[in-house]
$ cat target-v8.cif   # mmCIF, C-alpha atoms
data_upload
loop_
_atom_site.label_atom_id
_atom_site.label_comp_id
_atom_site.auth_asym_id
_atom_site.auth_seq_id
_atom_site.Cartn_x
_atom_site.Cartn_y
_atom_site.Cartn_z
CA MET A 1 90.52 100.87 149.22
CA ASN A 2 87.41 100.90 151.38
CA VAL A 3 85.37 102.74 148.82
CA PRO A 4 82.89 100.22 147.41
CA GLY A 5 83.52 99.65 143.76
CA ALA A 6 87.10 100.92 143.91
CA PRO A 7 88.78 97.56 143.14
CA PHE A 8 86.31 97.10 140.33
CA ALA A 9 87.23 100.42 138.81
CA GLN A 10 90.92 99.77 139.37
CA ALA A 11 90.69 96.37 137.70
CA MET A 12 88.97 97.88 134.73
CA PHE A 13 91.35 100.81 134.47
CA ASN A 14 94.44 98.58 134.59
CA GLY A 15 93.00 96.02 132.23
CA VAL A 16 91.97 98.59 129.66
CA THR A 17 95.26 100.49 129.84
CA VAL A 18 97.39 97.40 129.38
CA GLY A 19 95.10 96.00 126.67
CA VAL A 20 95.10 99.15 124.55
CA LEU A 21 98.86 99.60 125.01
CA ILE A 22 99.50 96.05 123.83
CA ARG A 23 97.35 96.65 120.78
CA PHE A 24 99.12 99.92 120.08
CA PHE A 25 102.57 98.33 120.11
CA MET A 26 101.38 95.45 117.96
CA LEU A 27 99.93 97.89 115.44
CA LYS A 28 103.34 99.43 114.97
CA ARG A 29 104.68 96.09 113.86
CA ASP A 30 102.07 95.95 111.14
CA TYR A 31 103.38 98.86 109.13
CA ARG A 32 105.23 96.89 106.53
CA GLN A 33 102.63 94.33 105.70
CA TYR A 34 99.72 96.70 105.99
CA PRO A 35 100.35 100.42 105.88
CA SER A 36 97.85 101.61 108.38
CA TYR A 37 96.41 105.02 107.68
CA PRO A 38 95.52 107.27 110.61
CA HIS A 39 91.94 106.06 110.38
CA GLY A 40 92.97 102.42 110.21
CA VAL A 41 94.93 102.87 113.43
CA LEU A 42 92.00 104.59 115.10
CA THR A 43 89.58 101.84 114.09
CA HIS A 44 91.80 99.18 115.58
CA LEU A 45 92.50 101.11 118.77
CA ALA A 46 88.77 101.62 119.24
CA LEU A 47 88.13 97.92 118.77
CA ALA A 48 90.98 97.15 121.17
CA PHE A 49 89.38 99.46 123.73
CA ILE A 50 86.10 97.56 123.52
CA ALA A 51 87.90 94.22 123.74
CA ALA A 52 89.88 95.44 126.75
CA VAL A 53 86.80 96.70 128.59
CA ILE A 54 85.04 93.40 128.13
CA GLY A 55 88.11 91.41 129.09
CA SER A 56 88.98 93.38 132.18
CA ILE A 57 85.55 93.19 133.82
CA ALA A 58 85.10 89.45 133.23
CA ILE A 59 86.87 88.12 136.34
CA PRO A 60 85.63 90.81 138.75
CA ALA A 61 82.10 90.17 137.49
CA LEU A 62 82.53 86.45 137.99
CA MET A 63 83.79 86.96 141.54
CA GLU A 64 80.80 89.17 142.29
CA LYS A 65 78.61 86.32 140.97
CA GLU A 66 77.34 88.50 138.15
CA PHE A 67 77.08 85.65 135.69
CA THR A 68 75.08 87.52 133.10
CA ALA A 69 77.98 89.94 132.68
CA VAL A 70 80.26 87.07 131.75
CA THR A 71 78.01 85.92 128.95
CA PHE A 72 78.76 89.23 127.27
CA LEU A 73 82.31 88.00 126.84
CA ALA A 74 81.10 85.23 124.58
CA LEU A 75 78.81 87.59 122.76
CA ALA A 76 81.63 90.05 122.13
CA ALA A 77 83.96 87.34 120.87
CA THR A 78 81.62 86.64 117.99
CA GLN A 79 81.66 90.32 117.11
CA PHE A 80 85.39 90.26 116.59
CA ARG A 81 85.03 87.68 113.89
CA GLU A 82 83.65 90.59 111.89
CA VAL A 83 87.06 92.22 112.09
CA ARG A 84 88.52 89.49 109.95
CA SER A 85 85.97 89.83 107.19
CA MET A 86 86.24 93.61 107.35
CA GLU A 87 90.00 93.49 106.81
CA ARG A 88 89.75 90.79 104.18
CA GLU A 89 87.19 92.70 102.17
CA MET A 90 89.16 95.90 102.29
CA LEU A 91 92.46 94.28 101.29
CA GLN A 92 90.78 92.37 98.48
CA ASN A 93 89.40 95.62 97.11
CA LEU A 94 92.78 97.30 97.34
CA ASP A 95 94.43 94.29 95.72
CA ARG A 96 92.50 94.87 92.52
CA THR A 97 93.96 98.31 91.99
CA GLY A 98 97.50 97.68 93.26
CA LEU A 99 100.30 97.11 90.74
CA ILE A 100 101.43 93.89 92.35
CA SER A 101 98.72 91.90 94.07
CA ARG A 102 99.21 90.44 97.51
CA GLY A 103 97.32 87.26 96.72
CA ALA A 104 94.52 85.56 98.62
CA ASP A 105 96.82 83.74 101.05
CA TYR A 106 98.59 86.87 102.21
CA ILE A 107 95.30 88.71 102.64
CA GLU A 108 93.81 85.87 104.64
CA GLY A 109 96.92 85.81 106.80
CA ILE A 110 96.75 89.53 107.54
CA ALA A 111 93.01 89.38 108.26
CA ARG A 112 93.54 86.48 110.62
CA VAL A 113 96.25 88.38 112.49
CA PHE A 114 93.92 91.32 112.98
CA GLU A 115 91.24 89.08 114.44
CA ALA A 116 93.65 87.21 116.68
CA ARG A 117 95.17 90.38 118.07
CA ASN A 118 91.83 91.46 119.46
CA TYR A 119 91.58 88.17 121.30
CA ILE A 120 95.08 88.71 122.70
CA VAL A 121 94.01 92.11 123.97
CA MET A 122 90.91 90.63 125.52
CA PHE A 123 92.87 87.86 127.20
CA ALA A 124 95.58 90.18 128.49
CA SER A 125 92.96 92.53 129.93
CA LEU A 126 91.24 89.58 131.52
CA LEU A 127 94.44 88.55 133.28
CA VAL A 128 95.31 92.06 134.36
CA GLY A 129 91.77 92.85 135.51
CA GLY A 130 91.60 89.59 137.41
CA ALA A 131 94.97 90.07 139.10
CA THR A 132 94.14 93.63 140.12
CA TYR A 133 90.80 92.64 141.54
CA TRP A 134 92.06 89.56 143.31
CA GLY A 135 95.31 91.07 144.62
CA ASN A 136 96.08 94.74 144.21
CA ILE A 137 97.27 97.17 141.61
CA PHE A 138 100.89 95.93 141.78
CA TYR A 139 99.91 92.37 140.97
CA GLY A 140 97.93 93.81 138.11
CA LEU A 141 100.87 95.72 136.73
CA LEU A 142 103.15 92.70 137.11
CA VAL A 143 100.75 90.47 135.20
CA GLY A 144 100.31 93.27 132.67
CA LEU A 145 104.04 93.37 131.95
CA ALA A 146 104.18 89.59 131.65
CA ALA A 147 101.20 89.61 129.29
CA PHE A 148 102.86 92.29 127.18
CA PHE A 149 106.11 90.38 126.70
CA THR A 150 104.50 86.99 126.12
CA SER A 151 102.12 88.46 123.55
CA ASN A 152 105.11 89.95 121.72
CA LYS A 153 106.94 86.65 121.78
CA LEU A 154 104.02 84.39 120.93
CA MET A 155 102.76 86.30 117.94
CA GLY A 156 106.11 86.77 116.21
CA GLY A 157 105.75 84.35 113.30
CA LYS A 158 108.61 82.95 111.22
CA ILE A 159 110.17 84.81 108.33
CA ILE A 160 111.64 83.58 105.05
CA GLY A 161 115.20 84.23 106.26
CA GLN A 162 114.71 81.60 108.96
CA ILE A 163 113.61 78.80 106.64
CA ALA A 164 115.66 79.49 103.52
CA ASN A 165 118.95 80.87 102.24
CA VAL A 166 118.43 83.94 100.10
CA ARG A 167 121.25 84.90 97.75
CA ALA A 168 121.86 87.05 94.70
CA ALA A 169 121.93 85.35 91.31
CA THR A 170 122.73 86.37 87.75
CA ILE A 171 120.08 86.63 85.06
CA HIS A 172 120.52 85.97 81.35
CA PHE A 173 118.49 85.40 78.20
CA ALA A 174 118.53 82.41 75.89
CA GLY A 175 116.66 83.66 72.84
CA PRO A 176 113.50 85.20 74.25
CA ASN A 177 113.65 83.11 77.42
CA LEU A 178 114.64 84.69 80.71
CA PHE A 179 116.70 82.60 83.13
CA VAL A 180 117.96 83.18 86.64
CA GLU A 181 121.00 80.89 86.80
CA ASN A 182 119.64 77.73 85.15
CA LEU A 183 116.03 78.28 86.18
CA HIS A 184 113.63 79.26 83.40
CA LEU A 185 111.29 82.10 84.37
CA MET A 186 109.42 83.29 81.30
CA ASN A 187 109.39 84.09 77.62
CA LEU A 188 109.70 87.77 76.75
CA GLY A 189 108.97 89.10 73.30
CA THR A 190 110.69 92.24 72.12
CA GLU A 191 114.32 93.32 72.20
CA ASP A 192 113.56 96.53 74.13
CA VAL A 193 112.03 94.63 77.01
CA ARG A 194 114.99 92.26 77.14
CA LYS A 195 117.40 95.19 77.16
CA THR A 196 115.55 96.78 80.07
CA TYR A 197 115.74 93.52 81.98
CA LEU A 198 119.48 93.15 81.42
CA GLN A 199 120.08 96.73 82.52
CA ARG A 200 117.78 97.06 85.50
CA ALA A 201 116.61 93.68 86.76
CA LEU A 202 117.85 91.85 89.85
CA GLY A 203 117.84 88.09 90.27
CA VAL A 204 117.55 86.16 93.50
CA ILE A 205 117.62 82.47 94.37
CA ILE A 206 115.84 81.25 97.49
CA GLU A 207 117.02 77.85 98.67
CA PRO A 208 114.87 76.04 101.23
CA ARG A 209 116.82 74.67 104.21
CA ASP A 210 114.71 71.53 104.68
CA ASP A 211 111.71 69.68 103.26
CA ASP A 212 109.27 71.71 105.34
CA ALA A 213 110.63 74.92 103.87
CA ARG A 214 110.55 73.39 100.41
CA ALA A 215 106.85 72.66 100.74
CA THR A 216 106.20 76.16 102.09
CA LEU A 217 108.00 77.81 99.19
CA ALA A 218 106.05 75.64 96.75
CA ASN A 219 102.89 77.44 97.81
CA ASN A 220 101.96 80.00 95.20
CA GLY A 221 100.44 82.33 97.77
CA GLN A 222 103.74 82.45 99.64
CA ARG A 223 105.57 83.29 96.45
CA MET A 224 103.11 86.06 95.63
CA ALA A 225 103.70 87.47 99.11
CA ILE A 226 107.45 87.51 98.47
CA ALA A 227 107.00 89.26 95.13
CA HIS A 228 104.58 91.78 96.65
CA ASP A 229 106.79 92.73 99.57
CA ALA A 230 109.91 92.99 97.41
CA ALA A 231 108.09 95.18 94.90
CA MET A 232 106.56 97.34 97.61
CA LEU A 233 109.80 97.98 99.47
CA LEU A 234 112.08 98.60 96.48
CA GLY A 235 109.56 100.13 94.12
CA ILE A 236 108.68 98.55 90.81
CA HIS A 237 109.48 99.59 87.24
CA LYS A 238 105.98 98.91 85.97
CA ASP A 239 102.59 100.43 85.28
CA MET A 240 99.15 98.96 84.65
CA ASP A 241 99.86 98.45 80.93
CA THR A 242 103.34 96.93 81.20
CA GLY A 243 102.61 93.45 82.43
CA GLU A 244 106.00 92.19 81.27
CA PHE A 245 107.69 93.92 84.20
CA ALA A 246 105.69 92.15 86.89
CA PRO A 247 108.05 90.28 89.21
CA VAL A 248 108.21 86.56 88.48
CA VAL A 249 108.80 83.87 91.07
CA ARG A 250 109.26 80.36 89.72
CA ARG A 251 110.12 77.04 91.27
CA ASP A 252 112.87 74.66 90.26
CA LEU A 253 111.03 71.37 89.83
CA ASP A 254 114.12 69.28 90.60
CA THR A 255 115.31 70.87 93.81
CA GLY A 256 112.45 73.02 95.07
CA ARG A 257 114.58 76.17 94.93
CA VAL A 258 112.75 79.32 94.00
CA GLY A 259 114.02 81.94 91.58
CA LEU A 260 112.86 85.54 91.53
CA VAL A 261 113.42 88.31 89.03
CA ILE A 262 112.25 91.83 89.69
CA VAL A 263 112.78 95.15 87.91
CA PRO A 264 112.97 97.51 90.86
CA MET A 265 113.13 101.29 90.96
CA GLU A 266 116.05 101.14 93.37
CA LYS A 267 118.60 98.70 92.03
CA ASP A 268 120.14 97.58 95.31
CA ILE A 269 120.67 93.86 95.70
CA HIS A 270 121.46 94.05 99.43
CA LEU A 271 118.17 95.76 100.22
CA LEU A 272 116.31 93.29 98.02
CA LEU A 273 117.84 90.31 99.85
CA GLU A 274 117.01 91.95 103.18
CA ALA A 275 113.42 92.61 102.06
CA ILE A 276 112.91 89.00 100.95
CA LYS A 277 114.40 87.59 104.14
CA ARG A 278 111.86 89.54 106.16
CA VAL A 279 108.77 88.35 104.30
CA PRO A 280 106.59 86.54 106.82
CA VAL A 281 106.00 82.82 106.36
CA LEU A 282 102.26 82.67 105.78
CA GLU A 283 100.23 80.57 108.15
CA SER A 284 98.31 79.01 105.28
CA ALA A 285 101.52 78.17 103.39
CA SER A 286 103.38 76.76 106.36
CA VAL A 287 103.30 72.98 106.21
CA THR A 288 105.38 70.43 108.09
CA PRO A 289 105.64 67.15 106.19
CA LEU A 290 108.82 66.40 108.19
CA SER A 291 106.79 65.97 111.37
CA THR A 292 105.05 62.93 109.92
CA ARG A 293 106.51 59.45 109.58
CA ILE A 294 105.97 59.29 105.83
CA GLY A 295 107.35 62.76 105.26
CA LYS A 296 110.46 61.95 107.24
CA LYS A 297 111.09 58.71 105.39
CA ALA A 298 110.50 60.39 102.04
CA SER A 299 113.14 62.99 102.81
CA ASP A 300 115.95 60.39 103.10
CA MET B 301 88.32 75.77 86.33
CA GLU B 302 88.32 79.34 85.14
CA ILE B 303 90.62 80.13 82.22
CA GLU B 304 92.80 83.01 83.34
CA LYS B 305 95.19 83.39 80.43
CA PHE B 306 94.07 84.55 77.02
CA ILE B 307 95.85 85.07 73.73
CA LEU B 308 94.68 88.57 72.86
CA ALA B 309 96.39 88.93 69.50
CA VAL B 310 98.92 87.30 67.20
CA VAL B 311 101.57 89.24 65.28
CA THR B 312 103.29 87.21 62.59
CA LEU B 313 105.85 87.59 59.83
CA ASP B 314 104.73 84.43 58.07
CA ARG B 315 101.07 84.08 57.07
CA HIS B 316 101.29 80.32 56.91
CA LYS B 317 102.35 79.82 60.50
CA VAL B 318 99.03 80.95 62.02
CA GLY B 319 95.43 80.49 61.05
CA GLY B 320 92.09 78.99 61.74
CA CYS B 321 91.58 80.82 65.02
CA GLY B 322 89.35 83.53 66.34
CA THR B 323 92.21 85.60 67.66
CA PRO B 324 92.95 88.90 65.88
CA LEU B 325 95.84 88.38 63.51
CA PHE B 326 98.33 91.08 62.45
CA TYR B 327 100.82 90.68 59.63
CA ALA B 328 104.15 92.48 59.79
CA ALA B 329 106.56 93.03 56.91
CA ASP B 330 109.72 92.76 58.98
CA LYS B 331 111.03 92.24 62.48
CA LYS B 332 111.04 95.97 63.24
CA GLU B 333 107.39 96.41 62.31
CA GLN B 334 106.53 93.27 64.22
CA ASP B 335 108.17 94.64 67.38
CA THR B 336 106.38 97.97 67.00
CA ILE B 337 102.94 96.48 66.40
CA ALA B 338 103.36 93.99 69.22
CA THR B 339 104.48 96.69 71.66
CA TYR B 340 101.52 98.92 70.76
CA LEU B 341 99.08 96.06 71.14
CA ALA B 342 100.60 94.97 74.45
CA ARG B 343 100.38 98.50 75.88
CA ILE B 344 96.81 98.95 74.72
CA THR B 345 95.56 95.59 75.94
CA SER B 346 97.80 95.34 79.07
CA GLY B 347 99.14 92.09 77.72
CA VAL B 348 102.61 90.60 77.60
CA ILE B 349 104.46 89.81 74.37
CA HIS B 350 105.82 86.29 74.00
CA ASP B 351 108.08 85.14 71.21
CA LEU B 352 107.38 81.68 69.77
CA GLU B 353 110.72 81.85 67.94
CA ASN B 354 109.21 81.00 64.57
CA GLY B 355 108.44 84.56 63.54
CA VAL B 356 105.23 84.62 65.56
CA TYR B 357 104.54 86.83 68.57
CA ILE B 358 101.55 86.24 70.79
CA ILE B 359 100.15 88.79 73.20
CA VAL B 360 98.82 87.17 76.32
CA ARG B 361 96.84 88.54 79.24
CA HIS B 362 98.09 86.98 82.48
#

$ encode --input "target-v8.cif" --output "structure tokens"
Amino acid sequence: MNVPGAPFAQAMFNGVTVGVLIRFFMLKRDYRQYPSYPHGVLTHLALAFIAAVIGSIAIPALMEKEFTAVTFLALAATQFREVRSMEREMLQNLDRTGLISRGADYIEGIARVFEARNYIVMFASLLVGGATYWGNIFYGLLVGLAAFFTSNKLMGGKIIGQIANVRAATIHFAGPNLFVENLHLMNLGTEDVRKTYLQRALGVIIEPRDDDARATLANNGQRMAIAHDAAMLLGIHKDMDTGEFAPVVRRDLDTGRVGLVIVPMEKDIHLLLEAIKRVPVLESASVTPLSTRIGKKASD
Amino acid sequence: MEIEKFILAVVTLDRHKVGGCGTPLFYAADKKEQDTIATYLARITSGVIHDLENGVYIIVRH
């Protein structure tokens, strides 16, 4: 420990290791909402490495009174804003060619998560680097573990299953009109299409548990996200030229319930319910009228 | 606001139910022909067939 520069190197090594590990484990959780290709993973690990390096040297540099080094932290933070636009642009491009589009809200949500995760890495590395430099390597590892678990806990957003009841429902036609229970979804022209629906389609009703959830489910972006995830996980009986088989998600104007009909490749209602329950509640769709006085009174 | 939905074509059994519009109009002799024409048009234009329940089908791009 008497070697000059050793604590510095140790702080950096610990900070970078913990930071990149945190990013790696968070990347794994992305698979469903954003299938990361090998190159996508590499890009984000590389960015995490840079974030971790910057984060881990910040406190040691400050303690050595190297103030110019700290300004780089601010400089780097602005660079990571680029990550968001990079992800957004890419997902928007992919959205145009996908069979079921994610929708602008979902894309914005994913892009925001990617940006935020780099800041988490930077912050975790900062704590670990600081603790190692100030104390010793064991403090560093302790703080590293704490940072890892809090980051996991903090960034786990809500899912649909937590704000609403999701249950199977029957579909039927009245003339050309498709209904799930008593909720009208759309008008479908020919007999063949209607026959396919009756044979292969699955219906689901999503009932919000409170007024907050009702407002969230009213958001069209949230509903597109539900349709996208359901279609992606169960497969969809549709091609570019058969628009009539796109999943439909409509809202019951009276109660705020949401009805969904999808023509999946795998007709398994249990998996569909499971898939819908796990759709993340989008940050942009999440609203809380109940936390205001007016909203609370209106809900009586 | 941008208009995102368009009627691409109309397939009708009754000539007097539609008219006076710029949308391509197709006449069908019977229900079977109407279904066939509408399906072809929907596939070709990536539209969706909707039934107005008065013998008129419209094909709409969503």

$ atom_distance --input "target-v8.cif" --atom1 "CA of Leu271 (chain A)" --atom2 "CA of Ile226 (chain A)"
13.6 Å

$ closest_atom_pairs --input "target-v8.cif" --of "chain B" --to "chain A" --cutoff "7 Å" --atoms "all atoms listed in the file" --output "CSV"
residue,atom,partner,partner_atom,distance
B:Asp335,CA,A:Thr190,CA,5.9
B:Arg343,CA,A:Asp241,CA,5.1
B:Ile344,CA,A:Asp241,CA,6.9
B:Ser346,CA,A:Asp241,CA,4.2
B:Gly347,CA,A:Gly243,CA,6.0
B:Val348,CA,A:Glu244,CA,5.2
B:Ile349,CA,A:Gly189,CA,4.7
B:His350,CA,A:Gly189,CA,4.3
B:Asp351,CA,A:Gly189,CA,4.6
B:Tyr357,CA,A:Gly189,CA,6.9

$ closest_residue --input "target-v8.cif" --among "A:Thr71, A:Ser101, A:Ser125, A:Thr43" --to "Glu87 (chain A)" --atoms "all atoms listed in the file"
A:Thr43

$ closest_residue --input "target-v8.cif" --among "B:Lys332, B:Gly355, B:His362, B:Thr345" --to "Arg315 (chain B)" --atoms "all atoms listed in the file"
B:Gly355

$ atom_distance --input "target-v8.cif" --atom1 "CA of Val248 (chain A)" --atom2 "CA of Met224 (chain A)"
8.8 Å

$ atom_distance --input "target-v8.cif" --atom1 "CA of Leu341 (chain B)" --atom2 "CA of Thr323 (chain B)"
13.0 Å

$ residues_around --input "target-v8.cif" --residues "Thr150 (chain A)" --least-positions-apart "6" --cutoff "12 Å" --atoms "all atoms listed in the file" --output "PyMOL selection string"
chain A and resi 22+120-121+123-124+143-144+156
